[in-house]
>>> print(open('work_0.cif').read())   # mmCIF, C-alpha atoms
data_start
#
loop_
_atom_site.label_atom_id
_atom_site.label_comp_id
_atom_site.auth_asym_id
_atom_site.auth_seq_id
_atom_site.Cartn_x
_atom_site.Cartn_y
_atom_site.Cartn_z
CA MET V 20 -29.69 41.99 32.68
CA THR V 21 -31.44 42.76 35.94
CA ILE V 22 -33.50 40.21 37.80
CA HIS V 23 -36.78 41.75 38.99
CA GLU V 24 -38.20 38.82 40.89
CA GLU V 25 -36.94 36.97 43.95
CA THR V 26 -34.16 34.51 43.18
CA LYS V 27 -33.16 31.41 45.09
CA PRO V 28 -30.15 31.86 47.38
CA ILE V 29 -26.92 30.64 45.84
CA GLN V 30 -23.53 30.14 47.42
CA ILE V 31 -20.48 30.95 45.31
CA GLU V 32 -17.50 28.65 45.64
CA PRO V 33 -14.08 30.14 44.94
CA ILE V 34 -13.27 30.22 41.23
CA VAL V 35 -10.59 27.65 40.40
CA LEU V 36 -7.96 27.89 37.66
CA GLU V 37 -7.59 24.44 36.17
CA LEU V 38 -4.91 24.81 33.54
CA PRO V 39 -2.42 22.23 32.30
CA GLU V 40 1.13 22.24 33.65
CA GLU V 41 3.37 24.68 31.74
CA HIS V 42 0.29 26.24 30.13
CA LYS V 43 1.28 29.14 27.89
CA LEU V 44 -0.97 31.99 28.97
CA GLY V 45 0.26 34.43 26.35
CA ARG V 46 3.19 36.81 26.11
CA ILE V 47 4.80 39.75 27.80
CA GLU V 48 5.58 42.74 25.60
CA MET V 49 7.76 45.69 26.56
CA GLY V 50 8.50 49.21 25.46
CA VAL V 51 6.50 51.85 23.65
CA LEU V 52 6.15 49.57 20.61
CA CYS V 53 5.06 46.57 22.74
CA ILE V 54 7.78 44.30 21.40
CA PRO V 55 7.19 40.63 22.35
CA MET V 56 9.83 39.59 24.89
CA THR V 57 8.84 36.31 26.48
CA ASP V 58 6.07 33.78 26.85
CA LEU V 59 3.86 34.22 29.87
CA LYS V 60 3.48 30.92 31.70
CA THR V 61 2.35 32.28 35.03
CA ILE V 62 0.90 35.62 35.97
CA GLY V 63 3.40 36.13 38.78
CA GLY V 64 3.45 39.39 40.68
CA LYS V 65 3.13 41.72 37.71
CA ALA V 66 -0.60 41.35 37.13
CA GLN V 67 -1.51 41.28 40.82
CA VAL V 68 -4.51 39.00 40.17
CA SER V 69 -5.56 35.93 42.12
CA GLU V 70 -8.37 33.38 42.06
CA ASN V 71 -9.94 35.41 44.90
CA ASP V 72 -10.12 38.43 42.58
CA PHE V 73 -11.93 36.25 40.03
CA THR V 74 -14.42 35.11 42.71
CA ASP V 75 -14.96 38.67 43.96
CA THR V 76 -15.68 39.83 40.40
CA VAL V 77 -18.28 37.06 39.89
CA LYS V 78 -19.92 37.75 43.26
CA THR V 79 -20.14 41.50 42.64
CA LEU V 80 -21.76 41.04 39.22
CA LEU V 81 -24.31 38.54 40.55
CA GLU V 82 -25.17 40.88 43.42
CA ASP V 83 -25.49 43.80 40.99
CA ALA V 84 -27.95 41.67 38.97
CA HIS V 85 -29.97 41.16 42.20
CA TYR V 86 -29.22 37.49 42.76
CA ASN V 87 -29.40 36.34 46.37
CA ILE V 88 -25.89 35.38 47.42
CA ALA V 89 -26.03 32.91 50.34
CA GLU V 90 -23.09 34.49 52.20
CA ASN V 91 -25.24 37.57 52.81
CA PRO V 92 -26.58 37.27 56.42
CA SER V 93 -29.88 38.97 55.53
CA VAL V 94 -30.52 36.30 52.86
CA ASN V 95 -29.71 33.46 55.25
CA SER V 96 -32.18 34.77 57.81
CA GLN V 97 -34.98 34.61 55.19
CA ARG V 98 -34.27 31.03 54.15
CA SER V 99 -36.67 28.30 55.15
CA SER V 100 -35.45 24.84 56.08
CA GLY V 101 -37.04 23.48 52.87
CA ASP V 102 -34.89 25.62 50.57
CA ASP V 103 -32.39 23.78 48.41
CA GLU V 104 -28.81 24.84 48.98
CA LEU V 105 -27.48 25.75 45.55
CA ILE V 106 -23.78 26.20 44.91
CA LEU V 107 -22.24 27.94 41.91
CA ARG V 108 -18.90 26.52 40.86
CA GLY V 109 -16.66 28.14 38.27
CA THR V 110 -13.59 26.49 36.80
CA VAL V 111 -11.33 28.39 34.41
CA LYS V 112 -10.56 25.93 31.62
CA ASP V 113 -8.69 28.30 29.31
CA PHE V 114 -7.02 31.62 29.95
CA LYS V 115 -4.96 33.79 27.62
CA VAL V 116 -3.41 37.18 28.24
CA ASN V 117 -1.01 39.39 26.34
CA ALA V 118 0.43 42.08 28.57
CA CYS V 119 2.33 45.14 27.39
CA PHE V 120 4.39 47.26 29.77
CA PRO V 121 5.26 50.34 27.67
CA LYS V 122 7.30 52.00 30.45
CA SER V 123 9.25 48.89 31.40
CA GLY V 124 12.47 50.59 30.29
CA PHE V 125 11.91 52.97 33.18
CA ARG V 126 11.26 50.03 35.54
CA SER V 127 7.59 50.86 35.71
CA TRP V 128 5.51 47.69 35.81
CA LYS V 129 2.33 49.39 37.03
CA ILE V 130 1.51 51.05 33.71
CA SER V 131 0.18 48.39 31.34
CA LYS V 132 -2.31 47.45 28.66
CA GLY V 133 -3.22 44.33 26.76
CA ALA V 134 -5.87 41.75 26.03
CA SER V 135 -7.32 38.81 27.92
CA ARG V 136 -9.64 35.94 27.07
CA VAL V 137 -11.11 33.43 29.51
CA LYS V 138 -13.29 30.33 29.24
CA ILE V 139 -15.16 29.31 32.40
CA ASN V 140 -17.03 26.06 33.02
CA TRP V 141 -19.97 26.84 35.33
CA GLN V 142 -21.97 24.34 37.39
CA ILE V 143 -24.86 24.72 39.77
CA TYR V 144 -24.78 21.96 42.33
CA SER V 145 -27.70 21.04 44.59
CA LYS V 146 -26.80 19.97 48.11
CA ASN V 147 -30.28 18.53 48.70
CA SER V 148 -30.24 16.21 45.67
CA ASP V 149 -26.43 15.84 45.60
CA LYS V 150 -26.23 16.43 41.86
CA ILE V 151 -25.34 19.00 39.24
CA LEU V 152 -28.50 20.77 38.07
CA PHE V 153 -26.94 23.02 35.44
CA GLU V 154 -23.71 23.22 33.50
CA THR V 155 -22.50 25.58 30.79
CA ILE V 156 -19.34 27.17 29.47
CA THR V 157 -19.08 30.89 28.85
CA GLU V 158 -16.28 32.94 27.40
CA GLY V 159 -15.26 36.50 28.04
CA SER V 160 -12.70 38.90 26.66
CA GLU V 161 -11.41 42.39 27.30
CA LYS V 162 -8.88 44.60 25.57
CA SER V 163 -7.28 47.92 26.43
CA SER V 164 -5.31 49.94 23.90
CA GLU V 165 -4.51 52.65 26.44
CA ALA V 166 -1.87 51.96 29.08
CA THR V 167 -3.06 52.81 32.59
CA GLY V 168 -2.09 52.01 36.15
CA TYR V 169 -2.62 48.27 36.66
CA GLY V 170 -4.20 48.16 33.21
CA ILE V 171 -3.52 44.48 32.63
CA THR V 172 -5.16 43.60 35.96
CA LYS V 173 -8.26 45.52 34.84
CA VAL V 174 -8.21 43.71 31.49
CA ILE V 175 -7.95 40.27 33.11
CA LEU V 176 -10.81 40.96 35.53
CA GLY V 177 -12.78 42.51 32.66
CA SER V 178 -12.61 39.22 30.75
CA VAL V 179 -13.89 37.37 33.86
CA ALA V 180 -16.68 39.97 34.17
CA ASP V 181 -17.61 39.44 30.50
CA ALA V 182 -17.81 35.65 30.99
CA THR V 183 -19.96 36.22 34.10
CA GLN V 184 -22.30 38.56 32.19
CA ASN V 185 -22.69 35.80 29.62
CA LEU V 186 -23.69 33.42 32.43
CA ILE V 187 -26.22 35.94 33.77
CA ALA V 188 -27.68 36.22 30.24
CA ASP V 189 -28.18 32.43 30.03
CA LYS V 190 -31.94 31.63 30.08
CA GLN V 191 -31.53 28.22 31.76
CA PHE V 192 -29.42 29.78 34.52
CA ASN V 193 -32.16 32.34 35.17
CA ILE V 194 -34.97 29.76 35.10
CA LEU V 195 -33.17 27.55 37.62
CA LEU V 196 -32.66 30.43 40.05
CA THR V 197 -36.11 31.98 39.71
CA HIS V 198 -38.44 28.95 39.72
#
>>> encode(input="work_0.cif", output="structure tokens")
Amino acid sequence: MTIHEETKPIQIEPIVLELPEEHKLGRIEMGVLCIPMTDLKTIGGKAQVSENDFTDTVKTLLEDAHYNIAENPSVNSQRSSGDDELILRGTVKDFKVNACFPKSGFRSWKISKGASRVKINWQIYSKNSDKILFETITEGSEKSSEATGYGITKVILGSVADATQNLIADKQFNILLTH
């Protein structure tokens, strides 16, 4: 969905993963047949994904949909002192990923495929009124059947992108930022 009218500036706070201690994320599978090997409790170094990558994905999609992101200096220069400072907060409440490394027998952890699902709780906070103006939960998922370089990283960020697209499609979200 593309926004064709001017939107209110919005600042994006870093996306936060808020998962219970010892949260089972999914499983790691190895070999050509993707045989389950172990539970995945942390992403560790193999997926090469961080909360910053989640935030960058959200920011890019909002910019692509023509939302005014407050960190952009050209947007800040257009703001009047009467504008409300809106902040988008995203908290990952559930996250699942199954990662297959088909060439792990050759010590290749870069080639991977799998599936990911994420649930994000979104809030728009108003600095001027010191309250939450909007809250919703969106889900996103992504799957890759073809193993590629850093494939599982792409799948994980794809699920975050899907959840963000679902936020962008939310009518109340659009109304709040356009009126």
>>> closest_residue(input="work_0.cif", among="V:Cys119, V:Gly177, V:Ser148, V:Ala166", to="V:Arg136", atoms="only C-alpha atoms")
V:Gly177
>>> atom_distance(input="work_0.cif", atom1="atom CA of V:Leu196", atom2="atom CA of V:Phe73")
21.5 Å
>>> resolve_selection(input="work_0.cif", expression="the PyMOL selection byres ((chain V and resi 135) around 7)", output="number ranges by chain")
V: 115-117, 133-134, 136-137, 160-162, 174-175, 178
>>> resolve_selection(input="work_0.cif", expression="the PyMOL selection byres ((chain V and resi 179) around 12)", output="MDAnalysis selection string")
chainID V and resid 34 36 68:80 109:111 113:116 135:140 157:161 172:178 180:186
>>> write_last_selection(input="work_0.cif", atoms="C-alpha atoms", output="CSV table (one decimal), in the coordinates of the input")
chain,number,residue,atom,x,y,z
V,34,ILE,CA,-13.3,30.2,41.2
V,36,LEU,CA,-8.0,27.9,37.7
V,68,VAL,CA,-4.5,39.0,40.2
V,69,SER,CA,-5.6,35.9,42.1
V,70,GLU,CA,-8.4,33.4,42.1
V,71,ASN,CA,-9.9,35.4,44.9
V,72,ASP,CA,-10.1,38.4,42.6
V,73,PHE,CA,-11.9,36.2,40.0
V,74,THR,CA,-14.4,35.1,42.7
V,75,ASP,CA,-15.0,38.7,44.0
V,76,THR,CA,-15.7,39.8,40.4
V,77,VAL,CA,-18.3,37.1,39.9
V,78,LYS,CA,-19.9,37.8,43.3
V,79,THR,CA,-20.1,41.5,42.6
V,80,LEU,CA,-21.8,41.0,39.2
V,109,GLY,CA,-16.7,28.1,38.3
V,110,THR,CA,-13.6,26.5,36.8
V,111,VAL,CA,-11.3,28.4,34.4
V,113,ASP,CA,-8.7,28.3,29.3
V,114,PHE,CA,-7.0,31.6,30.0
V,115,LYS,CA,-5.0,33.8,27.6
V,116,VAL,CA,-3.4,37.2,28.2
V,135,SER,CA,-7.3,38.8,27.9
V,136,ARG,CA,-9.6,35.9,27.1
V,137,VAL,CA,-11.1,33.4,29.5
V,138,LYS,CA,-13.3,30.3,29.2
V,139,ILE,CA,-15.2,29.3,32.4
V,140,ASN,CA,-17.0,26.1,33.0
V,157,THR,CA,-19.1,30.9,28.8
V,158,GLU,CA,-16.3,32.9,27.4
V,159,GLY,CA,-15.3,36.5,28.0
V,160,SER,CA,-12.7,38.9,26.7
V,161,GLU,CA,-11.4,42.4,27.3
V,172,THR,CA,-5.2,43.6,36.0
V,173,LYS,CA,-8.3,45.5,34.8
V,174,VAL,CA,-8.2,43.7,31.5
V,175,ILE,CA,-8.0,40.3,33.1
V,176,LEU,CA,-10.8,41.0,35.5
V,177,GLY,CA,-12.8,42.5,32.7
V,178,SER,CA,-12.6,39.2,30.8
V,180,ALA,CA,-16.7,40.0,34.2
V,181,ASP,CA,-17.6,39.4,30.5
V,182,ALA,CA,-17.8,35.6,31.0
V,183,THR,CA,-20.0,36.2,34.1
V,184,GLN,CA,-22.3,38.6,32.2
V,185,ASN,CA,-22.7,35.8,29.6
V,186,LEU,CA,-23.7,33.4,32.4
>>> closest_residue(input="work_0.cif", among="V:Gln30, V:Ser127, V:Thr155, V:Asn147", to="V:Ala188", atoms="only C-alpha atoms")
V:Thr155
>>> closest_residue(input="work_0.cif", among="V:Ile156, V:Lys132, V:Glu41, V:Ile151", to="V:Gly170", atoms="all atoms listed in the file")
V:Lys132
>>> atom_distance(input="work_0.cif", atom1="atom CA of V:Glu40", atom2="atom CA of V:Ile171")
22.7 Å
>>> atom_distance(input="work_0.cif", atom1="atom CA of V:Ile88", atom2="atom CA of V:Glu25")
11.7 Å
>>> build_atoms(input="work_0.cif", residues="stretch 34-52 of chain V", atoms="N, CA and C atoms", output="compact mmCIF listing (two decimals), in the frame of the given file")
# COMPACT_ATOMS: atom_id res chain seq x y z
N ILE V 34 -13.58 30.57 42.61
CA ILE V 34 -13.27 30.22 41.23
C ILE V 34 -11.90 29.52 41.22
N VAL V 35 -11.80 28.45 40.44
CA VAL V 35 -10.59 27.65 40.40
C VAL V 35 -9.98 27.74 39.00
N LEU V 36 -8.67 27.95 38.94
CA LEU V 36 -7.96 27.89 37.66
C LEU V 36 -7.46 26.47 37.48
N GLU V 37 -7.96 25.82 36.45
CA GLU V 37 -7.59 24.44 36.17
C GLU V 37 -6.93 24.39 34.80
N LEU V 38 -5.66 24.73 34.79
CA LEU V 38 -4.91 24.81 33.54
C LEU V 38 -3.81 23.77 33.54
N PRO V 39 -3.48 23.23 32.36
CA PRO V 39 -2.42 22.23 32.30
C PRO V 39 -1.08 22.77 32.77
N GLU V 40 -0.23 21.88 33.23
CA GLU V 40 1.13 22.24 33.65
C GLU V 40 1.85 22.89 32.48
N GLU V 41 2.61 23.94 32.75
CA GLU V 41 3.37 24.68 31.74
C GLU V 41 2.47 25.29 30.67
N HIS V 42 1.25 25.63 31.05
CA HIS V 42 0.29 26.24 30.13
C HIS V 42 0.78 27.62 29.70
N LYS V 43 0.87 27.83 28.40
CA LYS V 43 1.28 29.14 27.89
C LYS V 43 0.07 30.06 27.94
N LEU V 44 0.13 31.05 28.82
CA LEU V 44 -0.97 31.99 28.97
C LEU V 44 -0.98 33.02 27.85
N GLY V 45 0.17 33.39 27.38
CA GLY V 45 0.26 34.43 26.35
C GLY V 45 1.68 34.93 26.28
N ARG V 46 1.84 36.27 26.21
CA ARG V 46 3.19 36.81 26.11
C ARG V 46 3.28 38.15 26.85
N ILE V 47 4.50 38.45 27.22
CA ILE V 47 4.80 39.75 27.80
C ILE V 47 5.49 40.58 26.72
N GLU V 48 5.01 41.81 26.57
CA GLU V 48 5.58 42.74 25.60
C GLU V 48 6.10 43.95 26.37
N MET V 49 7.15 44.55 25.85
CA MET V 49 7.76 45.69 26.56
C MET V 49 8.06 46.83 25.61
N GLY V 50 8.13 48.02 26.19
CA GLY V 50 8.50 49.21 25.46
C GLY V 50 7.31 49.86 24.77
N VAL V 51 7.55 51.05 24.29
CA VAL V 51 6.50 51.85 23.65
C VAL V 51 5.87 51.11 22.47
N LEU V 52 6.65 50.31 21.77
CA LEU V 52 6.15 49.57 20.61
C LEU V 52 5.58 48.20 20.98
